[in-house]
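K.L.:
Below you'll find entry_6.pdb; it's PDB, C-alpha atoms.
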ATOM      1  CA  MET N  15       0.000   0.000   0.000  1.00  0.00           C
ATOM      2  CA  HIS N  16       1.151   3.537  -0.746  1.00  0.00           C
ATOM      3  CA  ILE N  17       0.164   6.241   1.733  1.00  0.00           C
ATOM      4  CA  LYS N  18       0.675   9.839   0.684  1.00  0.00           C
ATOM      5  CA  ILE N  19       0.146  12.721   3.092  1.00  0.00           C
ATOM      6  CA  LEU N  20      -0.303  16.124   1.469  1.00  0.00           C
ATOM      7  CA  CYS N  21       0.174  19.034   3.841  1.00  0.00           C
ATOM      8  CA  VAL N  22      -0.143  22.776   3.631  1.00  0.00           C
ATOM      9  CA  GLY N  23       2.869  24.308   5.340  1.00  0.00           C
ATOM     10  CA  LYS N  24       6.186  23.010   6.540  1.00  0.00           C
ATOM     11  CA  LEU N  25       7.208  21.495   9.849  1.00  0.00           C
ATOM     12  CA  LYS N  26       9.141  24.051  11.832  1.00  0.00           C
ATOM     13  CA  GLU N  27       9.805  22.591  15.275  1.00  0.00           C
ATOM     14  CA  SER N  28      12.469  19.898  15.462  1.00  0.00           C
ATOM     15  CA  PHE N  29      10.406  17.755  17.848  1.00  0.00           C
ATOM     16  CA  PHE N  30       7.631  17.477  15.234  1.00  0.00           C
ATOM     17  CA  VAL N  31      10.194  16.613  12.552  1.00  0.00           C
ATOM     18  CA  LYS N  32      11.638  13.868  14.788  1.00  0.00           C
ATOM     19  CA  ALA N  33       8.188  12.445  15.563  1.00  0.00           C
ATOM     20  CA  VAL N  34       7.238  12.370  11.867  1.00  0.00           C
ATOM     21  CA  GLU N  35      10.502  10.646  10.951  1.00  0.00           C
ATOM     22  CA  GLU N  36       9.988   8.064  13.715  1.00  0.00           C
ATOM     23  CA  TYR N  37       6.493   7.160  12.503  1.00  0.00           C
ATOM     24  CA  LYS N  38       7.639   7.056   8.872  1.00  0.00           C
ATOM     25  CA  LYS N  39      10.361   4.620   9.935  1.00  0.00           C
ATOM     26  CA  ARG N  40       7.846   2.468  11.829  1.00  0.00           C
ATOM     27  CA  LEU N  41       5.429   2.504   8.899  1.00  0.00           C
ATOM     28  CA  SER N  42       8.106   1.410   6.421  1.00  0.00           C
ATOM     29  CA  LYS N  43       7.519  -2.250   7.329  1.00  0.00           C
ATOM     30  CA  TYR N  44       3.822  -1.932   6.382  1.00  0.00           C
ATOM     31  CA  CYS N  45       3.601   0.527   3.501  1.00  0.00           C
ATOM     32  CA  LYS N  46       5.373   3.134   1.420  1.00  0.00           C
ATOM     33  CA  THR N  47       4.806   6.552   2.985  1.00  0.00           C
ATOM     34  CA  ASP N  48       5.404   9.893   1.287  1.00  0.00           C
ATOM     35  CA  ILE N  49       4.830  13.316   2.777  1.00  0.00           C
ATOM     36  CA  ILE N  50       4.482  16.234   0.409  1.00  0.00           C
ATOM     37  CA  GLU N  51       4.425  19.776   1.718  1.00  0.00           C
ATOM     38  CA  VAL N  52       3.048  22.686  -0.271  1.00  0.00           C
ATOM     39  CA  ASP N  53       3.551  26.329   0.579  1.00  0.00           C
ATOM     40  CA  ASP N  54       0.942  28.019   2.700  1.00  0.00           C
ATOM     41  CA  GLU N  55      -0.369  31.477   1.914  1.00  0.00           C
ATOM     42  CA  PRO N  56       0.350  34.266   4.362  1.00  0.00           C
ATOM     43  CA  ALA N  57      -2.682  34.837   6.588  1.00  0.00           C
ATOM     44  CA  SER N  58      -3.028  37.284   9.449  1.00  0.00           C
ATOM     45  CA  GLY N  59      -6.159  35.754  10.923  1.00  0.00           C
ATOM     46  CA  SER N  60      -8.270  38.818  10.177  1.00  0.00           C
ATOM     47  CA  GLU N  61      -9.015  38.162   6.496  1.00  0.00           C
ATOM     48  CA  SER N  62     -12.453  38.728   5.062  1.00  0.00           C
ATOM     49  CA  ALA N  63     -14.471  35.653   4.116  1.00  0.00           C
ATOM     50  CA  ARG N  64     -13.706  36.346   0.445  1.00  0.00           C
ATOM     51  CA  MET N  65      -9.971  36.623   1.134  1.00  0.00           C
ATOM     52  CA  GLU N  66     -10.071  33.349   3.096  1.00  0.00           C
ATOM     53  CA  GLU N  67     -11.618  31.638   0.052  1.00  0.00           C
ATOM     54  CA  ILE N  68      -8.884  33.073  -2.191  1.00  0.00           C
ATOM     55  CA  ILE N  69      -6.178  31.815   0.186  1.00  0.00           C
ATOM     56  CA  LYS N  70      -7.733  28.338   0.429  1.00  0.00           C
ATOM     57  CA  ALA N  71      -8.110  28.188  -3.370  1.00  0.00           C
ATOM     58  CA  ALA N  72      -4.416  29.016  -3.858  1.00  0.00           C
ATOM     59  CA  GLU N  73      -3.386  26.336  -1.365  1.00  0.00           C
ATOM     60  CA  GLY N  74      -5.899  23.913  -2.902  1.00  0.00           C
ATOM     61  CA  GLY N  75      -4.397  24.447  -6.330  1.00  0.00           C
ATOM     62  CA  ARG N  76      -0.985  23.506  -4.999  1.00  0.00           C
ATOM     63  CA  LEU N  77      -2.400  20.413  -3.281  1.00  0.00           C
ATOM     64  CA  SER N  78      -4.372  19.228  -6.314  1.00  0.00           C
ATOM     65  CA  ARG N  79      -1.202  18.961  -8.404  1.00  0.00           C
ATOM     66  CA  HIS N  80      -0.111  16.087  -6.154  1.00  0.00           C
ATOM     67  CA  ILE N  81      -3.352  14.075  -6.154  1.00  0.00           C
ATOM     68  CA  SER N  82      -3.214  11.058  -8.452  1.00  0.00           C
ATOM     69  CA  ALA N  83      -6.358  10.351 -10.458  1.00  0.00           C
ATOM     70  CA  ASP N  84      -6.565   6.798  -9.090  1.00  0.00           C
ATOM     71  CA  SER N  85      -5.825   7.681  -5.471  1.00  0.00           C
ATOM     72  CA  TYR N  86      -8.438   7.278  -2.755  1.00  0.00           C
ATOM     73  CA  VAL N  87      -8.468  10.712  -1.099  1.00  0.00           C
ATOM     74  CA  ILE N  88      -9.199  11.258   2.579  1.00  0.00           C
ATOM     75  CA  ALA N  89      -9.373  14.933   3.523  1.00  0.00           C
ATOM     76  CA  LEU N  90      -9.063  15.870   7.171  1.00  0.00           C
ATOM     77  CA  ALA N  91     -11.963  18.192   7.922  1.00  0.00           C
ATOM     78  CA  ILE N  92     -13.720  19.080  11.139  1.00  0.00           C
ATOM     79  CA  GLU N  93     -17.079  18.262   9.513  1.00  0.00           C
ATOM     80  CA  GLY N  94     -15.853  14.797   8.500  1.00  0.00           C
ATOM     81  CA  LYS N  95     -16.753  11.396   9.854  1.00  0.00           C
ATOM     82  CA  LYS N  96     -15.299  10.403  13.199  1.00  0.00           C
ATOM     83  CA  LEU N  97     -13.875   6.897  13.541  1.00  0.00           C
ATOM     84  CA  ASP N  98     -12.317   5.136  16.489  1.00  0.00           C
ATOM     85  CA  SER N  99      -8.940   3.468  15.907  1.00  0.00           C
ATOM     86  CA  VAL N 100     -10.424   0.035  15.132  1.00  0.00           C
ATOM     87  CA  LYS N 101     -12.880   1.440  12.582  1.00  0.00           C
ATOM     88  CA  PHE N 102     -10.095   3.511  11.042  1.00  0.00           C
ATOM     89  CA  SER N 103      -7.968   0.369  10.780  1.00  0.00           C
ATOM     90  CA  ASN N 104     -10.898  -1.469   9.187  1.00  0.00           C
ATOM     91  CA  LYS N 105     -11.260   1.357   6.640  1.00  0.00           C
ATOM     92  CA  ILE N 106      -7.581   1.218   5.677  1.00  0.00           C
ATOM     93  CA  GLY N 107      -7.765  -2.585   5.424  1.00  0.00           C
ATOM     94  CA  GLU N 108     -10.949  -2.421   3.340  1.00  0.00           C
ATOM     95  CA  LEU N 109      -9.294  -0.008   0.907  1.00  0.00           C
ATOM     96  CA  GLY N 110      -6.430  -2.433   0.390  1.00  0.00           C
ATOM     97  CA  LEU N 111      -8.790  -5.375  -0.108  1.00  0.00           C
ATOM     98  CA  THR N 112     -10.834  -3.512  -2.723  1.00  0.00           C
ATOM     99  CA  GLY N 113      -7.771  -2.619  -4.788  1.00  0.00           C
ATOM    100  CA  LYS N 114      -7.400   0.954  -3.597  1.00  0.00           C
ATOM    101  CA  SER N 115      -3.765   0.647  -2.617  1.00  0.00           C
ATOM    102  CA  ASP N 116      -2.936   4.318  -3.249  1.00  0.00           C
ATOM    103  CA  VAL N 117      -4.360   6.441  -0.420  1.00  0.00           C
ATOM    104  CA  THR N 118      -3.848  10.187  -0.090  1.00  0.00           C
ATOM    105  CA  PHE N 119      -4.548  12.033   3.154  1.00  0.00           C
ATOM    106  CA  ILE N 120      -4.807  15.820   2.973  1.00  0.00           C
ATOM    107  CA  ILE N 121      -4.143  18.213   5.852  1.00  0.00           C
ATOM    108  CA  GLY N 122      -5.102  21.817   5.161  1.00  0.00           C
ATOM    109  CA  GLY N 123      -3.601  25.047   6.366  1.00  0.00           C
ATOM    110  CA  SER N 124      -4.732  27.358   9.129  1.00  0.00           C
ATOM    111  CA  LEU N 125      -7.957  28.255   7.286  1.00  0.00           C
ATOM    112  CA  GLY N 126      -8.869  24.697   6.309  1.00  0.00           C
ATOM    113  CA  LEU N 127      -9.257  23.149   2.871  1.00  0.00           C
ATOM    114  CA  ASP N 128     -10.557  24.599  -0.372  1.00  0.00           C
ATOM    115  CA  LYS N 129     -14.046  23.475  -1.400  1.00  0.00           C
ATOM    116  CA  GLU N 130     -12.628  21.879  -4.580  1.00  0.00           C
ATOM    117  CA  ILE N 131     -10.332  19.657  -2.511  1.00  0.00           C
ATOM    118  CA  LEU N 132     -13.260  18.718  -0.266  1.00  0.00           C
ATOM    119  CA  LYS N 133     -15.335  17.844  -3.369  1.00  0.00           C
ATOM    120  CA  ARG N 134     -12.504  15.700  -4.780  1.00  0.00           C
ATOM    121  CA  ALA N 135     -12.164  13.760  -1.521  1.00  0.00           C
ATOM    122  CA  ASP N 136     -13.638  10.284  -1.369  1.00  0.00           C
ATOM    123  CA  MET N 137     -13.980  10.668   2.386  1.00  0.00           C
ATOM    124  CA  LEU N 138     -13.889  13.484   4.917  1.00  0.00           C
ATOM    125  CA  LEU N 139     -12.323  12.415   8.193  1.00  0.00           C
ATOM    126  CA  SER N 140     -12.442  14.260  11.501  1.00  0.00           C
ATOM    127  CA  PHE N 141     -10.252  13.442  14.464  1.00  0.00           C
ATOM    128  CA  SER N 142     -12.113  15.771  16.808  1.00  0.00           C
ATOM    129  CA  ASP N 143     -14.400  18.768  17.039  1.00  0.00           C
ATOM    130  CA  MET N 144     -11.315  20.586  18.293  1.00  0.00           C
ATOM    131  CA  THR N 145      -8.892  22.363  15.998  1.00  0.00           C
ATOM    132  CA  PHE N 146      -5.254  21.219  15.994  1.00  0.00           C
ATOM    133  CA  PRO N 147      -2.190  22.901  14.500  1.00  0.00           C
ATOM    134  CA  HIS N 148      -1.382  21.254  11.173  1.00  0.00           C
ATOM    135  CA  GLN N 149       2.079  20.297  12.427  1.00  0.00           C
ATOM    136  CA  LEU N 150       0.645  18.364  15.363  1.00  0.00           C
ATOM    137  CA  MET N 151      -2.090  16.867  13.177  1.00  0.00           C
ATOM    138  CA  ARG N 152       0.546  15.371  10.913  1.00  0.00           C
ATOM    139  CA  VAL N 153       2.043  13.485  13.877  1.00  0.00           C
ATOM    140  CA  ILE N 154      -1.390  12.382  15.118  1.00  0.00           C
ATOM    141  CA  LEU N 155      -2.359  11.142  11.645  1.00  0.00           C
ATOM    142  CA  LEU N 156       0.873   9.177  11.217  1.00  0.00           C
ATOM    143  CA  GLU N 157       0.443   7.623  14.648  1.00  0.00           C
ATOM    144  CA  GLN N 158      -3.102   6.543  13.800  1.00  0.00           C
ATOM    145  CA  ILE N 159      -2.026   5.081  10.451  1.00  0.00           C
ATOM    146  CA  TYR N 160       0.705   3.136  12.253  1.00  0.00           C
ATOM    147  CA  ARG N 161      -1.801   1.987  14.875  1.00  0.00           C
ATOM    148  CA  ALA N 162      -4.189   0.939  12.072  1.00  0.00           C
ATOM    149  CA  PHE N 163      -1.600  -1.374  10.527  1.00  0.00           C
ATOM    150  CA  ARG N 164      -0.766  -2.863  13.933  1.00  0.00           C
ATOM    151  CA  ILE N 165      -4.459  -3.510  14.590  1.00  0.00           C
ATOM    152  CA  MET N 166      -4.924  -5.060  11.124  1.00  0.00           C
ATOM    153  CA  ARG N 167      -2.128  -7.525  11.806  1.00  0.00           C
ATOM    154  CA  ASN N 168      -3.220  -8.261  15.380  1.00  0.00           C
ATOM    155  CA  GLU N 169       0.107  -6.934  16.639  1.00  0.00           C
ATOM    156  CA  PRO N 170       0.280  -5.513  20.154  1.00  0.00           C
ATOM    157  CA  TYR N 171       0.076  -1.770  20.590  1.00  0.00           C
ATOM    158  CA  HIS N 172      -0.544   0.342  23.647  1.00  0.00           C
ATOM    159  CA  LYS N 173      -4.030   1.678  24.203  1.00  0.00           C
TER     160      LYS N 173
END
Reformat the file's structure so that it appears as structure tokens.

P.N.:
Amino acid sequence: MHIKILCVGKLKESFFVKAVEEYKKRLSKYCKTDIIEVDDEPASGSESARMEEIIKAAEGGRLSRHISADSYVIALAIEGKKLDSVKFSNKIGELGLTGKSDVTFIIGGSLGLDKEILKRADMLLSFSDMTFPHQLMRVILLEQIYRAFRIMRNEPYHK
């Protein structure tokens, strides 16, 4: 299976970089994992609704260039479906069994994802009603993907 994680913005703190590298290393025995970062647009936090849409569209355009036509796309969105770890593992396993071995996860920037990216997604996934920084979300997502593979193979993993 090939897992691609598309992210708006770059990791800045070294502890996030180390955590991401650790989970990529752990995942290497289960799947090929690629992380692609696209530039984020400058945002002050006080943009008009129209300006927010323009920013998300620019970021969405950068993301869409990295989405393969045959990839199953899971966009992380607060309005998405919530799954526990076992159901998430079942979803990943089901994708592999149905021939969808190329899976792309998308993590948006500080304003979220462009509506065109959300429309392209095969699934919207939410980890919480809370908002997390995209850098932390990348680590959480990788940990859950790793946990999913461990669950699939009935391998022990802390709860």

K.L.:
Excluding Lys101 in chain N and its own-chain neighbours fewer than 2 positions away, which residues fall within 12 Å of it when counting all atoms listed in the file? Please give them as number ranges by chain.

P.N.:
N: 95-99, 103-108, 139, 158-159, 161-163, 165-166

K.L.:
Once you have the residues from the selection above, write them out as a PDB file, keeping the file's coordinate frame, restricted to C-alpha atoms.

P.N.:
ATOM      1  CA  LYS N  95     -16.753  11.396   9.854  1.00  0.00           C
ATOM      2  CA  LYS N  96     -15.299  10.403  13.199  1.00  0.00           C
ATOM      3  CA  LEU N  97     -13.875   6.897  13.541  1.00  0.00           C
ATOM      4  CA  ASP N  98     -12.317   5.136  16.489  1.00  0.00           C
ATOM      5  CA  SER N  99      -8.940   3.468  15.907  1.00  0.00           C
ATOM      6  CA  SER N 103      -7.968   0.369  10.780  1.00  0.00           C
ATOM      7  CA  ASN N 104     -10.898  -1.469   9.187  1.00  0.00           C
ATOM      8  CA  LYS N 105     -11.260   1.357   6.640  1.00  0.00           C
ATOM      9  CA  ILE N 106      -7.581   1.218   5.677  1.00  0.00           C
ATOM     10  CA  GLY N 107      -7.765  -2.585   5.424  1.00  0.00           C
ATOM     11  CA  GLU N 108     -10.949  -2.421   3.340  1.00  0.00           C
ATOM     12  CA  LEU N 139     -12.323  12.415   8.193  1.00  0.00           C
ATOM     13  CA  GLN N 158      -3.102   6.543  13.800  1.00  0.00           C
ATOM     14  CA  ILE N 159      -2.026   5.081  10.451  1.00  0.00           C
ATOM     15  CA  ARG N 161      -1.801   1.987  14.875  1.00  0.00           C
ATOM     16  CA  ALA N 162      -4.189   0.939  12.072  1.00  0.00           C
ATOM     17  CA  PHE N 163      -1.600  -1.374  10.527  1.00  0.00           C
ATOM     18  CA  ILE N 165      -4.459  -3.510  14.590  1.00  0.00           C
ATOM     19  CA  MET N 166      -4.924  -5.060  11.124  1.00  0.00           C
TER      20      MET N 166
END

K.L.:
Residues at most 9 Å from His80 in chain N, counting only C-alpha atoms, excluding those fewer than 4 positions away in the same chain, as a PDB file with C-alpha atoms, in the frame of the given file?

P.N.:
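Saved file result.pdb follows:
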ATOM      1  CA  LEU N  20      -0.303  16.124   1.469  1.00  0.00           C
ATOM      2  CA  ILE N  50       4.482  16.234   0.409  1.00  0.00           C
ATOM      3  CA  ARG N  76      -0.985  23.506  -4.999  1.00  0.00           C
TER       4      ARG N  76
END

K.L.:
Of the candidates N:Ala63, N:Ile49, N:Leu77, N:Val22, which one gets nearest to Glu130 in chain N if we count all atoms listed in the file?

P.N.:
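Looking at the shortest contact to Glu130 in chain N, the residue is N:Leu77.
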
K.L.:
Near Val52 in chain N, within 12 Å and counting all atoms listed in the file, which residues show up once chain neighbours fewer than 4 positions away are dropped, as a PyMOL selection string?

P.N.:
chain N and resi 19-25+72-80+120-123

K.L.:
Kindly export the residues of the current selection with C-alpha atoms, as a tab-separated table (two decimals), keeping the file's coordinate frame.

P.N.:
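And here's out16.tsv as it stands now:
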chain	number	residue	atom	x	y	z
N	19	ILE	CA	0.15	12.72	3.09
N	20	LEU	CA	-0.30	16.12	1.47
N	21	CYS	CA	0.17	19.03	3.84
N	22	VAL	CA	-0.14	22.78	3.63
N	23	GLY	CA	2.87	24.31	5.34
N	24	LYS	CA	6.19	23.01	6.54
N	25	LEU	CA	7.21	21.50	9.85
N	72	ALA	CA	-4.42	29.02	-3.86
N	73	GLU	CA	-3.39	26.34	-1.36
N	74	GLY	CA	-5.90	23.91	-2.90
N	75	GLY	CA	-4.40	24.45	-6.33
N	76	ARG	CA	-0.98	23.51	-5.00
N	77	LEU	CA	-2.40	20.41	-3.28
N	78	SER	CA	-4.37	19.23	-6.31
N	79	ARG	CA	-1.20	18.96	-8.40
N	80	HIS	CA	-0.11	16.09	-6.15
N	120	ILE	CA	-4.81	15.82	2.97
N	121	ILE	CA	-4.14	18.21	5.85
N	122	GLY	CA	-5.10	21.82	5.16
N	123	GLY	CA	-3.60	25.05	6.37

K.L.:
Rank N:Leu156, N:Cys45, N:Ala71, N:Leu90 by their smallest atom-to-atom distance to Asp143 in chain N, using only C-alpha atoms, and report the top residue only.

P.N.:
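Under the stated criterion, the closest residue is N:Leu90.
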
K.L.:
Quick check, in Å to one decimal: how far apart do CA of Ser58 in chain N and CA of Ile131 in chain N lie?

P.N.:
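Straight-line distance from CA of Ser58 in chain N to CA of Ile131 in chain N works out to 22.5 Å.
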
K.L.:
Select, from N:Leu127, N:Met151, N:Val117, N:Leu109, the residue with the minimum atom-to-atom distance to Ile68 in chain N, counting all atoms listed in the file.

P.N.:
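Selected residue with least distance to Ile68 in chain N: N:Leu127.
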
K.L.:
Out of N:Gly113, N:Gln149, N:Arg164, N:Pro56, which residue has the shortest atom-to-atom distance to Arg40 in chain N when counting all atoms listed in the file?

P.N.:
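Smallest distance to Arg40 in chain N is found for N:Arg164.
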
K.L.:
Using all atoms listed in the file, determine which residues lie at most 8 Å from Ala33 in chain N, disregarding the query and same-chain residues fewer than 4 positions distant; provide the list as a PyMOL selection string.

P.N.:
chain N and resi 29+37+153

K.L.:
I'd like the neighbourhood of Ser142 in chain N as a PyMOL selection string, where a residue qualifies if any of its atoms comes within 9 Å (using only C-alpha atoms), though same-chain residues fewer than 3 positions away should be ignored.

P.N.:
chain N and resi 92+96+145-146

K.L.:
Which distance in Å separates CA of Ala57 in chain N and CA of Ala89 in chain N, to one decimal?

P.N.:
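Here the two named atoms are 21.2 Å from each other.
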
K.L.:
Using all atoms listed in the file, which of the listed residues (N:Glu93, N:Glu36, N:Glu61, N:Glu67) sits closest to Leu138 in chain N?

P.N.:
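Smallest separation from Leu138 in chain N among the options: N:Glu93.
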
K.L.:
In Å, rounded to a single decimal, give me how far CA of Lys114 in chain N is from CA of Glu51 in chain N.

P.N.:
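Separating CA of Glu51 in chain N from CA of Lys114 in chain N is a distance of 22.9 Å.
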
K.L.:
Please evaluate the PyMOL selection byres ((chain N and resi 16) around 7) against the structure above and give the resulting residues as a list in words.

P.N.:
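Applied to this file, the PyMOL selection byres ((chain N and resi 16) around 7) returns Met15, Ile17, Lys18, Cys45, Lys46, Thr47, Ser115, Asp116 and Val117 of chain N.
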
K.L.:
Measuring between only C-alpha atoms, which one of N:Leu111, N:Leu125, N:Ala83, N:Ile88 shows the shortest distance to Met65 in chain N?

P.N.:
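Selected residue with least distance to Met65 in chain N: N:Leu125.
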
K.L.:
Dump as a list in words all residues having an atom at most 7 Å from (5.7, 1.2, 10.1), computed in the file's coordinates with only C-alpha atoms.

P.N.:
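Protein and nucleic acid residues near the point are Tyr37, Lys38, Lys39, Arg40, Leu41, Ser42, Lys43, Tyr44, Cys45 and Tyr160 of chain N.
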
K.L.:
Keeping only C-alpha atoms, take the residues you just selected and write them out as a PDB file, keeping the file's coordinate frame.

P.N.:
ATOM      1  CA  TYR N  37       6.493   7.160  12.503  1.00  0.00           C
ATOM      2  CA  LYS N  38       7.639   7.056   8.872  1.00  0.00           C
ATOM      3  CA  LYS N  39      10.361   4.620   9.935  1.00  0.00           C
ATOM      4  CA  ARG N  40       7.846   2.468  11.829  1.00  0.00           C
ATOM      5  CA  LEU N  41       5.429   2.504   8.899  1.00  0.00           C
ATOM      6  CA  SER N  42       8.106   1.410   6.421  1.00  0.00           C
ATOM      7  CA  LYS N  43       7.519  -2.250   7.329  1.00  0.00           C
ATOM      8  CA  TYR N  44       3.822  -1.932   6.382  1.00  0.00           C
ATOM      9  CA  CYS N  45       3.601   0.527   3.501  1.00  0.00           C
ATOM     10  CA  TYR N 160       0.705   3.136  12.253  1.00  0.00           C
TER      11      TYR N 160
END

K.L.:
Once you add 4 Å to each side, what are the centre and edge lengths of the axis-aligned box holding all listed atoms of range 112-120 of chain N? One decimal in Å, as JSON, if you can.

P.N.:
{"center_x": -6.9, "center_y": 6.2, "center_z": -0.8, "size_x": 15.9, "size_y": 27.3, "size_z": 15.9}
